[in-house]
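What's in my_file07.cif: mmCIF, C-alpha atoms and all ligand atoms
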```
data_target
loop_
_atom_site.group_PDB
_atom_site.id
_atom_site.type_symbol
_atom_site.label_atom_id
_atom_site.label_comp_id
_atom_site.auth_asym_id
_atom_site.auth_seq_id
_atom_site.Cartn_x
_atom_site.Cartn_y
_atom_site.Cartn_z
ATOM 1 C CA MET A 691 8.959 0.968 27.671
ATOM 2 C CA PRO A 692 9.920 1.268 24.000
ATOM 3 C CA GLU A 693 12.217 4.189 23.389
ATOM 4 C CA ALA A 694 10.706 7.008 21.408
ATOM 5 C CA GLN A 695 12.291 7.341 17.999
ATOM 6 C CA PRO A 696 12.869 10.885 16.818
ATOM 7 C CA GLU A 697 10.745 11.478 13.742
ATOM 8 C CA LEU A 698 12.426 11.979 10.415
ATOM 9 C CA PRO A 699 11.132 15.206 8.895
ATOM 10 C CA CYS A 700 9.046 14.576 5.772
ATOM 11 C CA PRO A 701 8.814 17.418 3.243
ATOM 12 C CA PHE A 702 5.344 16.262 2.182
ATOM 13 C CA GLU A 703 2.185 17.156 4.075
ATOM 14 C CA LYS A 704 -0.650 14.841 4.913
ATOM 15 C CA ARG A 705 -3.904 15.537 3.137
ATOM 16 C CA PHE A 706 -7.337 15.813 4.626
ATOM 17 C CA PRO A 707 -9.963 14.766 2.105
ATOM 18 C CA SER A 708 -13.659 15.372 2.624
ATOM 19 C CA GLN A 709 -15.318 12.460 4.412
ATOM 20 C CA LEU A 710 -18.371 12.958 2.224
ATOM 21 C CA VAL A 711 -16.967 11.669 -1.043
ATOM 22 C CA ARG A 712 -15.690 8.162 -0.469
ATOM 23 C CA ASP A 713 -14.183 7.497 -3.840
ATOM 24 C CA ASP A 714 -10.856 6.012 -4.922
ATOM 25 C CA VAL A 715 -9.067 9.315 -4.376
ATOM 26 C CA PHE A 716 -10.409 9.497 -0.824
ATOM 27 C CA PHE A 717 -9.143 6.058 0.167
ATOM 28 C CA MET A 718 -5.853 6.451 -1.704
ATOM 29 C CA THR A 719 -5.303 9.723 0.123
ATOM 30 C CA LEU A 720 -5.534 7.827 3.406
ATOM 31 C CA ALA A 721 -2.980 5.343 2.069
ATOM 32 C CA TYR A 722 -0.787 8.283 1.039
ATOM 33 C CA ASN A 723 -0.993 9.638 4.585
ATOM 34 C CA GLN A 724 0.114 6.231 5.857
ATOM 35 C CA ALA A 725 3.087 6.422 3.494
ATOM 36 C CA ILE A 726 4.051 9.758 5.060
ATOM 37 C CA ASP A 727 3.931 8.080 8.472
ATOM 38 C CA ALA A 728 6.299 5.429 7.103
ATOM 39 C CA TRP A 729 8.722 8.143 5.931
ATOM 40 C CA ARG A 730 8.681 9.736 9.379
ATOM 41 C CA ARG A 731 9.778 6.400 10.812
ATOM 42 C CA ASP A 732 12.527 6.117 8.235
ATOM 43 C CA GLU A 733 10.725 3.389 6.313
ATOM 44 C CA VAL A 734 10.208 3.226 2.562
ATOM 45 C CA PRO A 735 7.044 5.340 2.183
ATOM 46 C CA ILE A 736 4.374 2.878 1.159
ATOM 47 C CA GLY A 737 0.915 2.847 2.716
ATOM 48 C CA ALA A 738 -2.178 0.688 2.386
ATOM 49 C CA VAL A 739 -5.821 1.018 3.356
ATOM 50 C CA ILE A 740 -8.574 -1.578 3.082
ATOM 51 C CA GLU A 741 -12.163 -0.548 2.490
ATOM 52 C CA VAL A 742 -15.307 -2.621 2.971
ATOM 53 C CA GLY A 743 -18.732 -1.122 2.403
ATOM 54 C CA GLY A 744 -17.399 2.418 2.348
ATOM 55 C CA GLU A 745 -15.586 2.044 5.678
ATOM 56 C CA VAL A 746 -11.885 1.728 6.419
ATOM 57 C CA VAL A 747 -11.251 -1.634 8.098
ATOM 58 C CA ALA A 748 -7.451 -1.490 8.032
ATOM 59 C CA SER A 749 -4.664 0.974 7.450
ATOM 60 C CA ALA A 750 -0.957 0.338 7.689
ATOM 61 C CA HIS A 751 2.405 1.319 6.379
ATOM 62 C CA ASN A 752 5.596 -0.495 5.658
ATOM 63 C CA THR A 753 7.561 -1.315 8.863
ATOM 64 C CA VAL A 754 10.240 -3.654 7.486
ATOM 65 C CA GLU A 755 13.151 -1.733 9.011
ATOM 66 C CA GLY A 756 11.577 -1.057 12.384
ATOM 67 C CA VAL A 757 10.485 -4.603 13.129
ATOM 68 C CA ARG A 758 13.265 -6.188 11.052
ATOM 69 C CA ASP A 759 10.778 -8.333 9.206
ATOM 70 C CA PRO A 760 10.852 -8.696 5.412
ATOM 71 C CA THR A 761 7.145 -9.552 5.403
ATOM 72 C CA ALA A 762 6.096 -6.334 7.161
ATOM 73 C CA HIS A 763 4.875 -4.677 3.991
ATOM 74 C CA ALA A 764 1.961 -2.256 4.285
ATOM 75 C CA GLU A 765 -0.386 -4.586 2.403
ATOM 76 C CA MET A 766 0.448 -7.658 4.504
ATOM 77 C CA LEU A 767 -0.123 -5.752 7.735
ATOM 78 C CA ALA A 768 -3.374 -4.309 6.399
ATOM 79 C CA LEU A 769 -4.655 -7.739 5.297
ATOM 80 C CA THR A 770 -3.932 -9.126 8.760
ATOM 81 C CA GLN A 771 -5.665 -6.158 10.401
ATOM 82 C CA ALA A 772 -8.713 -6.465 8.168
ATOM 83 C CA SER A 773 -9.047 -10.208 8.789
ATOM 84 C CA ALA A 774 -8.827 -9.679 12.548
ATOM 85 C CA ARG A 775 -11.347 -6.857 12.407
ATOM 86 C CA LEU A 776 -13.828 -8.810 10.280
ATOM 87 C CA GLY A 777 -13.186 -12.171 11.955
ATOM 88 C CA ASP A 778 -12.708 -13.845 8.609
ATOM 89 C CA TRP A 779 -9.671 -14.472 6.439
ATOM 90 C CA ARG A 780 -11.866 -14.176 3.361
ATOM 91 C CA LEU A 781 -11.963 -10.526 2.398
ATOM 92 C CA GLU A 782 -14.372 -10.950 -0.468
ATOM 93 C CA GLY A 783 -15.976 -7.515 -0.312
ATOM 94 C CA ALA A 784 -12.755 -5.636 0.258
ATOM 95 C CA THR A 785 -10.817 -3.180 -1.825
ATOM 96 C CA VAL A 786 -7.139 -2.708 -1.055
ATOM 97 C CA TYR A 787 -5.701 0.737 -1.759
ATOM 98 C CA VAL A 788 -1.939 0.829 -1.863
ATOM 99 C CA THR A 789 0.434 3.565 -2.930
ATOM 100 C CA LYS A 790 2.684 1.238 -4.955
ATOM 101 C CA GLU A 791 1.943 -1.878 -6.949
ATOM 102 C CA PRO A 792 2.109 -4.984 -4.734
ATOM 103 C CA CYS A 793 5.198 -7.212 -4.814
ATOM 104 C CA PRO A 794 4.995 -10.998 -5.397
ATOM 105 C CA MET A 795 4.325 -11.680 -1.708
ATOM 106 C CA CYS A 796 1.596 -9.099 -1.305
ATOM 107 C CA SER A 797 -0.049 -9.831 -4.653
ATOM 108 C CA GLY A 798 -0.147 -13.496 -3.661
ATOM 109 C CA ALA A 799 -1.667 -12.653 -0.286
ATOM 110 C CA MET A 800 -4.357 -10.595 -2.005
ATOM 111 C CA LEU A 801 -5.342 -13.538 -4.171
ATOM 112 C CA MET A 802 -5.256 -15.870 -1.156
ATOM 113 C CA SER A 803 -7.501 -13.555 0.839
ATOM 114 C CA ARG A 804 -9.886 -13.207 -2.100
ATOM 115 C CA VAL A 805 -10.071 -9.446 -1.989
ATOM 116 C CA ARG A 806 -12.500 -8.141 -4.540
ATOM 117 C CA ARG A 807 -10.417 -5.314 -5.894
ATOM 118 C CA VAL A 808 -6.969 -3.770 -5.729
ATOM 119 C CA CYS A 809 -6.302 -0.144 -6.556
ATOM 120 C CA TYR A 810 -2.654 0.874 -6.665
ATOM 121 C CA ALA A 811 -1.144 4.252 -7.397
ATOM 122 C CA VAL A 812 2.326 3.615 -8.828
ATOM 123 C CA PRO A 813 3.002 0.695 -11.178
ATOM 124 C CA ASP A 814 6.227 -1.187 -10.471
ATOM 125 C CA PRO A 815 7.803 -2.674 -13.604
ATOM 126 C CA LYS A 816 10.508 -4.364 -11.523
ATOM 127 C CA MET A 817 8.625 -6.263 -8.789
ATOM 128 C CA GLY A 818 4.948 -5.525 -9.356
ATOM 129 C CA CYS A 819 2.855 -8.663 -9.697
ATOM 130 C CA LEU A 820 -0.477 -7.149 -10.630
ATOM 131 C CA GLY A 821 0.403 -5.947 -14.105
ATOM 132 C CA GLY A 822 3.763 -4.178 -13.786
ATOM 133 C CA ALA A 823 6.362 -6.942 -14.034
ATOM 134 C CA THR A 824 3.851 -9.758 -14.314
ATOM 135 C CA ASN A 825 0.263 -10.425 -13.291
ATOM 136 C CA LEU A 826 -0.677 -13.177 -10.846
ATOM 137 C CA ASN A 827 -4.248 -12.702 -12.006
ATOM 138 C CA ASP A 828 -3.216 -14.465 -15.204
ATOM 139 C CA LEU A 829 -2.224 -17.737 -13.543
ATOM 140 C CA PRO A 830 -4.244 -20.104 -15.693
ATOM 141 C CA ARG A 831 -5.682 -22.286 -12.952
ATOM 142 C CA VAL A 832 -6.350 -19.720 -10.264
ATOM 143 C CA ASN A 833 -10.067 -19.341 -9.845
ATOM 144 C CA HIS A 834 -10.041 -16.097 -7.915
ATOM 145 C CA HIS A 835 -9.182 -12.921 -9.765
ATOM 146 C CA VAL A 836 -8.981 -9.452 -8.350
ATOM 147 C CA GLU A 837 -10.407 -6.454 -10.118
ATOM 148 C CA LEU A 838 -7.654 -3.983 -10.804
ATOM 149 C CA THR A 839 -7.259 -0.265 -10.969
ATOM 150 C CA ALA A 840 -3.625 -0.007 -11.980
ATOM 151 C CA GLY A 841 -2.215 3.478 -11.650
ATOM 152 C CA GLY A 842 -3.840 6.826 -12.179
ATOM 153 C CA VAL A 843 -5.197 7.420 -8.670
ATOM 154 C CA LEU A 844 -2.872 9.865 -6.895
ATOM 155 C CA GLU A 845 -0.115 8.291 -8.950
ATOM 156 C CA GLU A 846 2.038 11.415 -9.269
ATOM 157 C CA GLU A 847 1.804 12.198 -5.560
ATOM 158 C CA CYS A 848 2.680 8.667 -4.471
ATOM 159 C CA ARG A 849 5.529 8.426 -6.976
ATOM 160 C CA GLY A 850 6.861 11.805 -5.896
ATOM 161 C CA LEU A 851 6.979 10.613 -2.307
ATOM 162 C CA LEU A 852 8.890 7.441 -3.208
ATOM 163 C CA GLN A 853 11.312 9.215 -5.512
ATOM 164 C CA ALA A 854 12.078 11.935 -2.990
ATOM 165 C CA PHE A 855 12.678 9.343 -0.274
ATOM 166 C CA PHE A 856 15.113 7.346 -2.368
ATOM 167 C CA ARG A 857 16.829 10.502 -3.540
ATOM 168 C CA LEU A 858 17.375 11.412 0.085
ATOM 169 C CA LYS A 859 18.661 7.946 0.949
ATOM 170 C CA ARG A 860 20.918 7.444 -2.007
ATOM 171 C CA GLY A 861 21.939 11.009 -2.604
ATOM 172 C CA GLY A 862 21.350 10.345 -6.278
ATOM 173 C CA PRO A 863 19.200 12.151 -8.808
ATOM 174 C CA ASP A 864 16.779 9.303 -9.415
ATOM 175 C CA GLY A 865 14.638 7.568 -6.890
ATOM 176 C CA GLN A 866 13.099 4.535 -8.491
ATOM 177 C CA SER A 867 13.060 1.615 -6.128
HETATM 178 ZN ZN ZN B 1 4.825 -6.443 -0.720
#
```

The structure in this file should be written as structure tokens.
Amino acid sequence: MPEAQPELPCPFEKRFPSQLVRDDVFFMTLAYNQAIDAWRRDEVPIGAVIEVGGEVVASAHNTVEGVRDPTAHAEMLALTQASARLGDWRLEGATVYVTKEPCPMCSGAMLMSRVRRVCYAVPDPKMGCLGGATNLNDLPRVNHHVELTAGGVLEEECRGLLQAFFRLKRGGPDGQS
């Protein structure tokens, strides 16, 4: 039996959006709630949700520390979940909602899985590969491009979560990852 880990208290509360309005804020709020779950497991608070046809087909959070796997980013886990759920590695009708701009690995996986659209909350000028540091969409010979909503959806909330987490971990005033 796996031992139960004591939960790390998170000063942020989960949100409970109306199920009736399934817009970007709705799905990003679910990703935000996943990020809070990550925090409670002492993981960098990043969450991802994948939507197809108005339904959630995957939701995950970063588990890199817990499973000791550098590929266990929220987006990677969500892409795997969605593919299993849909029985197809091609996620052509899918939108990925993620609380922080995807890194090189996750941005690449999104192109490889042919997701239709990516909506991220917090741009990442250091490692973001969908507009922040660079944009894999601009590779000249790639024939699949993802539609992008880059920042602006729950951005302040998701950034606040990340900054507070890193402040706690580093004991410093600034929490940019
Ligand atoms: Zn990543």

Proximity check chain A to ligand ZN 1 (chain B), 6 Å, nearest pairs one decimal Å, only C-alpha atoms and all ligand atoms, as a tab-separated table:
```
residue	atom	partner	partner_atom	distance
A:His763	CA	B:ZN1	ZN	5.0
A:Pro792	CA	B:ZN1	ZN	5.1
A:Cys793	CA	B:ZN1	ZN	4.2
A:Met795	CA	B:ZN1	ZN	5.4
A:Cys796	CA	B:ZN1	ZN	4.2
```

Give as a VMD selection string the residues that the PyMOL selection byres (((chain A and resi 841-858) around 10) and not hetatm) matches when applied to the coordinates above.
chain A and resid 700 to 702 714 to 719 721 to 723 725 to 726 729 732 to 737 787 to 791 809 to 814 822 838 to 840 859 to 867

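The nearest approach to Leu781 of chain A among the residues A:Thr761, A:Ser803, A:Gln724, A:Thr824, with all atoms listed in the file taken into account, belongs to A:Ser803.
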
Using all atoms listed in the file: which of A:Leu801, A:Val711, A:Ala768, A:Ala748 has the shortest distance to Cys819 of chain A
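For Cys819 of chain A, the nearest of the given residues is A:Leu801.
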
Applying 9 Å and all atoms listed in the file, which residues near Arg807 of chain A remain after dropping the ones on its own chain fewer than 2 positions away? List them as a PDB file with C-alpha atoms, in the coordinates of the input.
```
ATOM      1  CA  GLU A 782     -14.372 -10.950  -0.468  1.00  0.00           C
ATOM      2  CA  GLY A 783     -15.976  -7.515  -0.312  1.00  0.00           C
ATOM      3  CA  ALA A 784     -12.755  -5.636   0.258  1.00  0.00           C
ATOM      4  CA  THR A 785     -10.817  -3.180  -1.825  1.00  0.00           C
ATOM      5  CA  VAL A 786      -7.139  -2.708  -1.055  1.00  0.00           C
ATOM      6  CA  TYR A 787      -5.701   0.737  -1.759  1.00  0.00           C
ATOM      7  CA  MET A 800      -4.357 -10.595  -2.005  1.00  0.00           C
ATOM      8  CA  ARG A 804      -9.886 -13.207  -2.100  1.00  0.00           C
ATOM      9  CA  VAL A 805     -10.071  -9.446  -1.989  1.00  0.00           C
ATOM     10  CA  CYS A 809      -6.302  -0.144  -6.556  1.00  0.00           C
ATOM     11  CA  HIS A 835      -9.182 -12.921  -9.765  1.00  0.00           C
ATOM     12  CA  VAL A 836      -8.981  -9.452  -8.350  1.00  0.00           C
ATOM     13  CA  GLU A 837     -10.407  -6.454 -10.118  1.00  0.00           C
ATOM     14  CA  LEU A 838      -7.654  -3.983 -10.804  1.00  0.00           C
ATOM     15  CA  THR A 839      -7.259  -0.265 -10.969  1.00  0.00           C
TER      16      THR A 839
END
```

Determine, counting all atoms listed in the file, which protein, DNA and RNA residues have an atom within 12 Å of an atom of Asn833 of chain A; residues of the same chain fewer than 4 positions away are not included. Present the result as a list in words.
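Once the adjacent positions are removed, what remains is Leu801, Met802, Arg804, Leu826, Asn827, Asp828 and Leu829 of chain A.
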
Atom CA of Ser708 of chain A to atom CA of Leu820 of chain A: how many Å, to one decimal?
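For atom CA of Ser708 of chain A relative to atom CA of Leu820 of chain A, the distance reads 29.3 Å.
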
Rounded to one decimal in Å, what is the spacing between atom CA of Lys704 of chain A and atom CA of Glu745 of chain A?
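Rounded to one decimal, the two atoms are 19.7 Å apart.
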
Edge lengths and centre in Å to one decimal, as JSON, is what I'm after for the box along x, y and z that holds all listed atoms of segment 784-792 of chain A once 3 Å is added on each side.
```
{"center_x": -5.0, "center_y": -1.0, "center_z": -3.3, "size_x": 21.4, "size_y": 15.2, "size_z": 13.2}
```

Grab the atom CA of His751 of chain A to atom CA of Pro699 of chain A distance for me, in Å with one decimal place.
16.6 Å

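Distances to Gly821 of chain A were evaluated for A:Gly743, A:Pro794, A:His834, A:Arg705 using only C-alpha atoms, and the minimum falls at A:Pro794.
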